[in-house]
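**Student:** Sharing a structure below in structure tokens format, with a few things to ask.
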Amino acid sequence: MVFLSANNQHSNFTPFKSGPTSQEKYKAPKIQILFELGVQIFDNFWHTRAAFHMKKYPFSTTLLILLLIRPIYAQEIVSRSETPGGEVRAAIERLTSVSETNYINQLALRGFNLETQGLLIESLDSHTVYAELNSNVGFNPASIIKVATSFAALAKFGPEYHFETAFYSDGAINTKTHTLNGNLVLLSNGDPVLATADVSRLVRDVVRAGITRITGNLVVSGPFTYGMFPTTDKATKGLAQLIRRAGIRFTETANSQTVRGLKITSYVSSSLRDILFYQNAHSVNRIAERLGEAVGGPRAVEQFLIKDLDIAQTDISISHTSGLDFNRITPRATVQLFRELVFWLNLNNMQPQDVLPVAGLDAGTLQRRFTGEEYRGAIIGKTGTLPGTDGGVSTLAGIAYTRDHGPVLFAIFNTKGPVATYRRLQDQLMKGFIVESGGIPEGNASLHKLTN
């Protein structure tokens with residue numbers, strides 16, 4: 001299966017790892033990537049490989065034919081259209097399925113207003129639409145926004161980035177009077193999983209360094225959050241209280257972008273990829289809000305989608321980087337988000353399950369969904385739930401791996417109704433679609449049997 005073996009492909013959520021890597025700007029040559037993804041589909045579906053490690057295979061006419069031949073629900077459309085710039089592209093193929101028809105009928109039979117429901121199931125190359133309902137209408141995505149926040153963080157920091165929080169002494173320490181003649185500086189780059197216990201240990205290290213009085217200020221540099229403090233301002237106030245309780249006297253707090261002095265102590269987080277997987281698997285709002293702070297806030301995530309992923313400004317509105325309260329995104333923009341994420345991960349030798357949970361396998365919000373042998377491991381994605389907002393919101397989006405159509409992207413948005421009912425309908429839709437698409441690839445199924 002493309003990208004998917006799900007047997008220990010993501011590492012455990014551990015507290016300490018070595019230093020950060022440099023940021024790499026995301027620029028995806030999509031034609032090349034689609035070809036490489038096709039090679040991966042061929043290799044994994046037909047040779048039952050456990051994983052694909054970005055090897056480049058020799059191009060051959062036979063391979064090209066095998067990659068292009070695929071079963072479809074109906075007669076394939078082969079017409080072409082020309083863009084204003086003269087670029088020729090294949091027309092979008094719209095197919096219908098029994099699972100789509102049943103899903104829409106079930107919504108109507110239960111009395112749900114179809115105008116409050118959104119759906120899009122589309123091929124990885126965006127040339128084929130398998131199911132669609134209000135795909136250009138903005139809906140509340142709930143926690144699916146966490147995927148956008150994750151992608152923005154990956155693009156800014158890189159998957160192996162480690163957040164560091166450190167105290168510096170900007171001045172000499174008089175060991176006799178236990179006085180720091182200068183500022184005590186906290187340098188932070190926004191560790192989204194920094195706990196109160198971690199900060200308390202750092203403060204104790206400052207005391208052990210012989211400091212009980214500061215002639216200058218407590219200076220905080222960079223985005224800083226910890227524990228229950230989701231913003232830099234609130235975290236700075238909390239830190240000031242911890243320092244005073246530890247018996248360290250200082251004048252006042254300040255912010256600065258310039259850091260000087262000698263490092264006293266520091267704390268280094270686990271890698272960003274591990275943080276993201278834990279956040280997305282368990283849908284932890286606190287981590288996503290603090291990670292959003294490190295990225296630059298809701299506006300920064302929104303601009304990343306617009307400028308870097310070419311999502312239309314009218315298709316996205318983010319107020320909280322965790323997905324709480326009122327956010328908006330269209331099913332089409334959501335599918336585009338996942339498509340670009342798959343490309344980016346592929347470029348960086350990663351797989352979707354490195355940052356997203358596998359349904360029916362990984363602990364978290366998808367653990368008890370798609371658990372049957374015929375579905376387990378076929379879905380990698382993100383759930384969203386807001387029972388008290390917009391009349392009740394339940395969402396599901398991600399990647400479905402199928403035998404006949406390869407990896408397929410989907411976004412299902414349900415609003416103004418009971419979450420439990422919506423979840424059942426979402427599962428019925430995707431299970432039916434997987435069955436209609438030939439089931440999950442044999443290689444993928446056998447791999448999961450070996451690990452469960």
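Scheme for the structure tokens: letters A, B, ... for chains in order shown; per-chain residue numbers from 1; ligand numbers from 1 in order shown.
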With region 298-306 of chain A as the partner and 10 Å as the cut-off, tabulate the residues of region 123-182 of chain A that qualify, each row holding the nearest pair of atoms and their distance in Å to one decimal, using only C-alpha atoms, sorted by chain and rising number, as a Markdown table.

**Tutor:**
| residue | atom | partner | partner_atom | distance |
| --- | --- | --- | --- | --- |
| A:Ile145 | CA | A:Val301 | CA | 9.4 |
| A:Ala148 | CA | A:Val301 | CA | 6.8 |
| A:Thr149 | CA | A:Val301 | CA | 6.0 |
| A:Ser150 | CA | A:Val301 | CA | 9.2 |
| A:Phe151 | CA | A:Val301 | CA | 8.7 |
| A:Ala152 | CA | A:Val301 | CA | 6.0 |
| A:Ala153 | CA | A:Val301 | CA | 8.6 |
| A:Ala155 | CA | A:Phe304 | CA | 9.0 |
| A:Lys156 | CA | A:Phe304 | CA | 9.7 |

**Student:** Could you pull out all residues of region 74-247 of chain A with a DSSP call of helix (DSSP H, G or I) and give them as an MDAnalysis selection string?

**Tutor:** chainID A and resid 98:109 114:116 142:157 196:208 232:245

**Student:** Using only C-alpha atoms, find each residue of region 71-174 of chain A with at least one atom at most 10 Å away from an atom of region 186-210 of chain A; report its shortest atom-to-atom pair and that distance in Å (one decimal), sort the rows by chain and rising residue number, and return the result as JSON lines.

**Tutor:**
{"residue": "A:His162", "atom": "CA", "partner": "A:Asp191", "partner_atom": "CA", "distance": 8.2}
{"residue": "A:Phe163", "atom": "CA", "partner": "A:Asp191", "partner_atom": "CA", "distance": 5.1}
{"residue": "A:Glu164", "atom": "CA", "partner": "A:Ser188", "partner_atom": "CA", "distance": 6.2}
{"residue": "A:Thr165", "atom": "CA", "partner": "A:Ser188", "partner_atom": "CA", "distance": 4.6}
{"residue": "A:Ala166", "atom": "CA", "partner": "A:Leu187", "partner_atom": "CA", "distance": 5.3}
{"residue": "A:Phe167", "atom": "CA", "partner": "A:Leu186", "partner_atom": "CA", "distance": 4.5}
{"residue": "A:Tyr168", "atom": "CA", "partner": "A:Leu186", "partner_atom": "CA", "distance": 6.3}
{"residue": "A:Ser169", "atom": "CA", "partner": "A:Leu186", "partner_atom": "CA", "distance": 9.0}
{"residue": "A:Ile173", "atom": "CA", "partner": "A:Gly210", "partner_atom": "CA", "distance": 7.5}
{"residue": "A:Asn174", "atom": "CA", "partner": "A:Gly210", "partner_atom": "CA", "distance": 8.1}

**Student:** Skip region 215-225 of chain A itself and residues of its chain fewer than 4 positions away, then list as an mmCIF file with N, CA and C atoms, in the first residue's frame all residues within 8 Å of it, counting only C-alpha atoms.

**Tutor:**
data_model
loop_
_atom_site.group_PDB
_atom_site.id
_atom_site.type_symbol
_atom_site.label_atom_id
_atom_site.label_comp_id
_atom_site.auth_asym_id
_atom_site.auth_seq_id
_atom_site.Cartn_x
_atom_site.Cartn_y
_atom_site.Cartn_z
ATOM 1 N N THR A 179 23.590 37.123 43.445
ATOM 2 C CA THR A 179 22.945 38.154 42.651
ATOM 3 C C THR A 179 23.389 38.079 41.187
ATOM 4 N N LEU A 180 22.420 38.095 40.285
ATOM 5 C CA LEU A 180 22.706 38.216 38.857
ATOM 6 C C LEU A 180 22.664 39.692 38.506
ATOM 7 N N ASN A 181 23.811 40.241 38.184
ATOM 8 C CA ASN A 181 23.886 41.657 37.830
ATOM 9 C C ASN A 181 23.530 41.834 36.345
ATOM 10 N N GLY A 182 22.275 41.817 36.077
ATOM 11 C CA GLY A 182 21.788 41.922 34.714
ATOM 12 C C GLY A 182 20.422 41.275 34.599
ATOM 13 N N ASN A 183 20.062 40.856 33.396
ATOM 14 C CA ASN A 183 18.760 40.249 33.141
ATOM 15 C C ASN A 183 18.836 38.727 33.174
ATOM 16 N N LEU A 184 17.755 38.127 33.608
ATOM 17 C CA LEU A 184 17.571 36.687 33.440
ATOM 18 C C LEU A 184 16.684 36.511 32.215
ATOM 19 N N VAL A 185 17.201 35.826 31.190
ATOM 20 C CA VAL A 185 16.508 35.738 29.904
ATOM 21 C C VAL A 185 15.997 34.320 29.672
ATOM 22 N N LEU A 186 14.731 34.203 29.333
ATOM 23 C CA LEU A 186 14.178 32.923 28.895
ATOM 24 C C LEU A 186 14.048 32.964 27.383
ATOM 25 N N LEU A 187 14.754 32.086 26.690
ATOM 26 C CA LEU A 187 14.668 31.979 25.236
ATOM 27 C C LEU A 187 13.803 30.777 24.887
ATOM 28 N N SER A 188 12.746 31.016 24.133
ATOM 29 C CA SER A 188 11.813 29.944 23.777
ATOM 30 C C SER A 188 11.451 30.050 22.310
ATOM 31 N N ASN A 189 11.256 28.894 21.677
ATOM 32 C CA ASN A 189 10.756 28.894 20.305
ATOM 33 C C ASN A 189 9.373 28.255 20.207
ATOM 34 N N GLY A 190 8.681 28.180 21.351
ATOM 35 C CA GLY A 190 7.271 27.809 21.319
ATOM 36 C C GLY A 190 6.964 26.348 21.498
ATOM 37 N N ASP A 191 7.699 25.645 22.338
ATOM 38 C CA ASP A 191 7.447 24.224 22.589
ATOM 39 C C ASP A 191 5.973 24.014 22.955
ATOM 40 N N PRO A 192 5.188 23.297 22.118
ATOM 41 C CA PRO A 192 3.756 23.161 22.388
ATOM 42 C C PRO A 192 3.420 22.095 23.424
ATOM 43 N N LEU A 194 5.494 21.722 26.306
ATOM 44 C CA LEU A 194 6.230 22.072 27.521
ATOM 45 C C LEU A 194 5.262 22.079 28.701
ATOM 46 N N PHE A 229 -1.161 27.566 29.850
ATOM 47 C CA PHE A 229 -1.013 28.937 29.357
ATOM 48 C C PHE A 229 -0.789 28.907 27.848
ATOM 49 N N PRO A 230 -1.821 29.208 27.046
ATOM 50 C CA PRO A 230 -1.749 29.034 25.588
ATOM 51 C C PRO A 230 -1.132 30.197 24.832
ATOM 52 N N THR A 231 -0.851 31.304 25.526
ATOM 53 C CA THR A 231 -0.266 32.465 24.848
ATOM 54 C C THR A 231 0.997 32.909 25.569
ATOM 55 N N THR A 232 1.820 33.678 24.877
ATOM 56 C CA THR A 232 3.078 34.153 25.453
ATOM 57 C C THR A 232 2.825 35.065 26.643
ATOM 58 N N LYS A 234 0.256 35.153 28.779
ATOM 59 C CA LYS A 234 -0.191 34.397 29.951
ATOM 60 C C LYS A 234 0.936 33.532 30.514
ATOM 61 N N ALA A 235 1.732 32.934 29.624
ATOM 62 C CA ALA A 235 2.837 32.097 30.083
ATOM 63 C C ALA A 235 3.904 32.922 30.796
ATOM 64 N N THR A 236 4.133 34.139 30.330
ATOM 65 C CA THR A 236 5.119 35.015 30.972
ATOM 66 C C THR A 236 4.683 35.363 32.390
ATOM 67 N N ALA A 240 6.649 34.293 35.867
ATOM 68 C CA ALA A 240 7.028 35.259 36.899
ATOM 69 C C ALA A 240 6.596 34.780 38.278
ATOM 70 N N PHE A 250 13.170 39.921 41.405
ATOM 71 C CA PHE A 250 13.506 40.680 40.205
ATOM 72 C C PHE A 250 12.555 41.862 40.106
ATOM 73 N N THR A 251 12.879 42.795 39.217
ATOM 74 C CA THR A 251 12.110 44.038 39.131
ATOM 75 C C THR A 251 10.806 43.853 38.374
ATOM 76 N N GLU A 252 10.892 43.502 37.091
ATOM 77 C CA GLU A 252 9.694 43.351 36.267
ATOM 78 C C GLU A 252 9.993 42.447 35.089
ATOM 79 N N THR A 253 8.938 42.121 34.310
ATOM 80 C CA THR A 253 9.104 41.286 33.121
ATOM 81 C C THR A 253 9.194 42.173 31.891
ATOM 82 N N ALA A 254 9.837 41.652 30.869
ATOM 83 C CA ALA A 254 9.991 42.376 29.610
ATOM 84 C C ALA A 254 10.114 41.378 28.473
ATOM 85 N N ASN A 255 9.928 41.855 27.263
ATOM 86 C CA ASN A 255 10.096 41.031 26.065
ATOM 87 C C ASN A 255 11.199 41.604 25.206
ATOM 88 N N SER A 256 11.941 40.714 24.571
ATOM 89 C CA SER A 256 13.044 41.159 23.718
ATOM 90 C C SER A 256 13.309 40.121 22.652
ATOM 91 N N GLN A 257 13.718 40.579 21.484
ATOM 92 C CA GLN A 257 14.084 39.671 20.404
ATOM 93 C C GLN A 257 15.587 39.370 20.411
ATOM 94 N N THR A 258 16.347 40.132 21.189
ATOM 95 C CA THR A 258 17.795 39.948 21.256
ATOM 96 C C THR A 258 18.166 39.186 22.519
ATOM 97 N N VAL A 259 18.947 38.137 22.363
ATOM 98 C CA VAL A 259 19.358 37.319 23.493
ATOM 99 C C VAL A 259 20.872 37.330 23.603
ATOM 100 N N ARG A 290 -1.234 25.871 21.158
ATOM 101 C CA ARG A 290 0.115 26.344 21.466
ATOM 102 C C ARG A 290 1.040 26.220 20.257
ATOM 103 N N GLU A 293 0.419 29.119 18.157
ATOM 104 C CA GLU A 293 1.129 30.288 18.681
ATOM 105 C C GLU A 293 2.563 30.309 18.182
ATOM 106 N N ALA A 294 3.212 29.130 18.153
ATOM 107 C CA ALA A 294 4.600 29.045 17.683
ATOM 108 C C ALA A 294 4.709 29.361 16.196
#

**Student:** Extract, using only C-alpha atoms, all DNA, RNA and protein residues at most 10 Å from region 106-115 of chain A, discarding same-chain residues fewer than 6 positions from it, and format them as an MDAnalysis selection string.

**Tutor:** chainID A and resid 100 133:134 137 414:417 421:422 425

**Student:** Write a file of the selected residues as a CSV table (one decimal), in the first residue's frame, keeping N, CA and C atoms.

**Tutor:**
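Contents of the output file out_15.csv:
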chain,number,residue,atom,x,y,z
A,100,GLU,N,-22.2,6.5,-2.5
A,100,GLU,CA,-22.5,7.9,-2.4
A,100,GLU,C,-24.1,8.1,-2.4
A,133,LEU,N,-20.9,16.6,-2.7
A,133,LEU,CA,-22.1,17.3,-2.3
A,133,LEU,C,-21.6,18.6,-1.6
A,134,ASN,N,-22.0,19.7,-2.2
A,134,ASN,CA,-21.7,21.0,-1.7
A,134,ASN,C,-20.2,21.2,-1.4
A,137,VAL,N,-18.8,24.8,-0.6
A,137,VAL,CA,-19.4,25.5,0.5
A,137,VAL,C,-18.6,25.4,1.7
A,414,ASN,N,-20.4,17.1,8.3
A,414,ASN,CA,-21.8,17.0,8.7
A,414,ASN,C,-22.1,18.1,9.8
A,415,THR,N,-23.1,18.9,9.7
A,415,THR,CA,-23.5,19.9,10.7
A,415,THR,C,-25.0,19.8,10.9
A,416,LYS,N,-25.3,20.4,12.1
A,416,LYS,CA,-26.7,20.6,12.5
A,416,LYS,C,-27.4,19.2,12.7
A,417,GLY,N,-26.8,18.4,13.5
A,417,GLY,CA,-27.3,17.0,13.8
A,417,GLY,C,-26.5,16.3,14.9
A,421,THR,N,-24.9,9.8,15.1
A,421,THR,CA,-25.5,9.4,13.9
A,421,THR,C,-24.6,9.8,12.7
A,422,TYR,N,-24.1,10.9,12.7
A,422,TYR,CA,-23.2,11.3,11.6
A,422,TYR,C,-22.0,10.4,11.5
A,425,LEU,N,-23.0,7.2,9.7
A,425,LEU,CA,-23.2,7.4,8.3
A,425,LEU,C,-21.8,7.6,7.6

**Student:** Counting only C-alpha atoms, what is within 7 Å of region 139-143 of chain A, bar same-chain residues fewer than 5 positions away, as a list in words?

**Tutor:**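 Those residues are Ser283, Ser322, Gly323, Leu324, Phe326, Asn327, Arg328, Ile329, Thr330, Thr383, Gly384, Thr385, Leu386, Thr395 and Phe413 of chain A.
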
**Student:** Taking N, CA and C atoms for each residue, export the selection above as a CSV table (one decimal), in the first residue's frame.

**Tutor:**
chain,number,residue,atom,x,y,z
A,283,SER,N,-6.3,14.2,19.1
A,283,SER,CA,-7.0,15.5,18.9
A,283,SER,C,-6.9,16.4,20.1
A,322,SER,N,-6.8,25.1,16.7
A,322,SER,CA,-7.2,23.7,17.2
A,322,SER,C,-8.4,23.3,16.5
A,323,GLY,N,-9.2,24.2,15.9
A,323,GLY,CA,-10.5,23.9,15.3
A,323,GLY,C,-11.7,24.2,16.3
A,324,LEU,N,-11.4,24.7,17.5
A,324,LEU,CA,-12.5,25.0,18.4
A,324,LEU,C,-13.3,26.2,17.8
A,326,PHE,N,-15.6,28.6,15.8
A,326,PHE,CA,-16.2,28.8,14.5
A,326,PHE,C,-15.0,29.0,13.5
A,327,ASN,N,-14.8,28.0,12.7
A,327,ASN,CA,-13.8,28.1,11.6
A,327,ASN,C,-14.6,27.6,10.3
A,328,ARG,N,-14.0,27.9,9.2
A,328,ARG,CA,-14.7,27.5,7.9
A,328,ARG,C,-13.7,27.0,6.9
A,329,ILE,N,-14.0,26.0,6.2
A,329,ILE,CA,-13.2,25.5,5.1
A,329,ILE,C,-14.1,24.7,4.2
A,330,THR,N,-13.9,24.7,2.9
A,330,THR,CA,-14.8,23.9,2.0
A,330,THR,C,-14.2,22.5,1.9
A,383,THR,N,-10.4,13.2,12.6
A,383,THR,CA,-11.8,13.4,12.9
A,383,THR,C,-12.0,14.8,13.4
A,384,GLY,N,-13.2,15.2,13.5
A,384,GLY,CA,-13.6,16.5,14.1
A,384,GLY,C,-14.9,16.4,14.8
A,385,THR,N,-15.0,17.0,16.0
A,385,THR,CA,-16.3,16.9,16.7
A,385,THR,C,-16.5,18.1,17.5
A,386,LEU,N,-17.7,18.8,17.3
A,386,LEU,CA,-18.1,19.9,18.1
A,386,LEU,C,-19.6,19.8,18.3
A,395,THR,N,-17.0,15.6,11.6
A,395,THR,CA,-16.3,15.6,10.3
A,395,THR,C,-15.3,14.5,10.3
A,413,PHE,N,-18.2,16.5,5.8
A,413,PHE,CA,-18.6,17.5,6.8
A,413,PHE,C,-20.1,17.4,7.1

**Student:** Determine, counting only C-alpha atoms, which protein, DNA and RNA residues have an atom within 9 Å of an atom of Ile311 (chain A); residues of the same chain fewer than 4 positions away are not included. Present the result as a PyMOL selection string.

**Tutor:** chain A and resi 305-307+315-316+333+336-337

**Student:** How would the residues just picked look written out with N, CA and C atoms as an mmCIF file, in the first residue's frame?

**Tutor:**
data_model
loop_
_atom_site.group_PDB
_atom_site.id
_atom_site.type_symbol
_atom_site.label_atom_id
_atom_site.label_comp_id
_atom_site.auth_asym_id
_atom_site.auth_seq_id
_atom_site.Cartn_x
_atom_site.Cartn_y
_atom_site.Cartn_z
ATOM 1 N N LEU A 305 -2.074 28.443 4.052
ATOM 2 C CA LEU A 305 -2.961 27.714 3.146
ATOM 3 C C LEU A 305 -3.196 28.496 1.861
ATOM 4 N N ILE A 306 -3.348 29.795 2.005
ATOM 5 C CA ILE A 306 -3.650 30.630 0.839
ATOM 6 C C ILE A 306 -2.428 30.815 -0.056
ATOM 7 N N LYS A 307 -1.301 31.167 0.531
ATOM 8 C CA LYS A 307 -0.118 31.519 -0.245
ATOM 9 C C LYS A 307 0.709 30.305 -0.663
ATOM 10 N N ASP A 315 -12.263 30.266 0.561
ATOM 11 C CA ASP A 315 -12.524 28.883 0.960
ATOM 12 C C ASP A 315 -12.068 28.568 2.370
ATOM 13 N N ILE A 316 -11.470 29.539 3.079
ATOM 14 C CA ILE A 316 -10.881 29.230 4.368
ATOM 15 C C ILE A 316 -11.009 30.411 5.323
ATOM 16 N N ALA A 333 -11.305 22.495 -0.551
ATOM 17 C CA ALA A 333 -10.054 23.006 0.011
ATOM 18 C C ALA A 333 -9.442 21.998 0.971
ATOM 19 N N GLN A 336 -7.709 19.432 -1.051
ATOM 20 C CA GLN A 336 -6.480 20.037 -1.559
ATOM 21 C C GLN A 336 -5.406 20.088 -0.471
ATOM 22 N N LEU A 337 -5.812 20.398 0.758
ATOM 23 C CA LEU A 337 -4.888 20.406 1.883
ATOM 24 C C LEU A 337 -4.230 19.046 2.057
#

**Student:** Do a neighbour search on Thr402 (chain A) at 8 Å with only C-alpha atoms, toss out local chain neighbours closer than 2 positions, and write the hits as a short mmCIF file (atom, residue, chain, number, x, y, z; two decimals) with C-alpha atoms, in the first residue's frame.

**Tutor:**
data_model
loop_
_atom_site.label_atom_id
_atom_site.label_comp_id
_atom_site.auth_asym_id
_atom_site.auth_seq_id
_atom_site.Cartn_x
_atom_site.Cartn_y
_atom_site.Cartn_z
CA ALA A 378 -7.47 1.51 4.89
CA ALA A 400 -8.54 5.96 1.81
CA ASP A 404 -8.82 -0.45 -7.71
CA HIS A 405 -8.27 3.29 -7.33
CA GLY A 406 -5.16 3.50 -5.18
CA PRO A 407 -5.04 6.28 -2.58
CA VAL A 408 -8.19 8.42 -2.64
CA ILE A 434 -13.80 0.80 -0.12
CA SER A 437 -13.25 0.03 -5.01
CA GLY A 438 -12.14 -3.58 -4.71
CA GLY A 439 -11.36 -3.52 -1.00
CA ILE A 440 -7.99 -2.70 0.50
CA PRO A 441 -4.82 -3.82 -1.33
#

**Student:** Could you find all residues in region 248-390 of chain A that DSSP calls strand (DSSP E) from the backbone, and write them as a PyMOL selection string?

**Tutor:** chain A and resi 253-255+262-271+316-317+328-329+379-386

**Student:** Rounded to one decimal, what separation in Å do you get between CA of Arg423 (chain A) and CA of Val393 (chain A)?

**Tutor:**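 Going from CA of Arg423 (chain A) over to CA of Val393 (chain A) covers 10.1 Å.
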
**Student:** Quote the spacing between CA of Trp344 (chain A) and CA of Thr371 (chain A) in Å to one decimal place.

**Tutor:**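 Between these atoms lies a distance of 28.4 Å.
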
**Student:** For the atom pair CA of Tyr103 (chain A) and CA of Glu374 (chain A), what is the interatomic distance in Å to one decimal place?

**Tutor:**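 Here the two named atoms are 19.6 Å from each other.
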
**Student:** Name the closest residue to Ala91 (chain A) among the candidates A:Ala312, A:Asp125, A:Phe338, A:Asn105; distances are taken between atoms, counting only C-alpha atoms.

**Tutor:**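 For Ala91 (chain A), the nearest of the given residues is A:Asp125.
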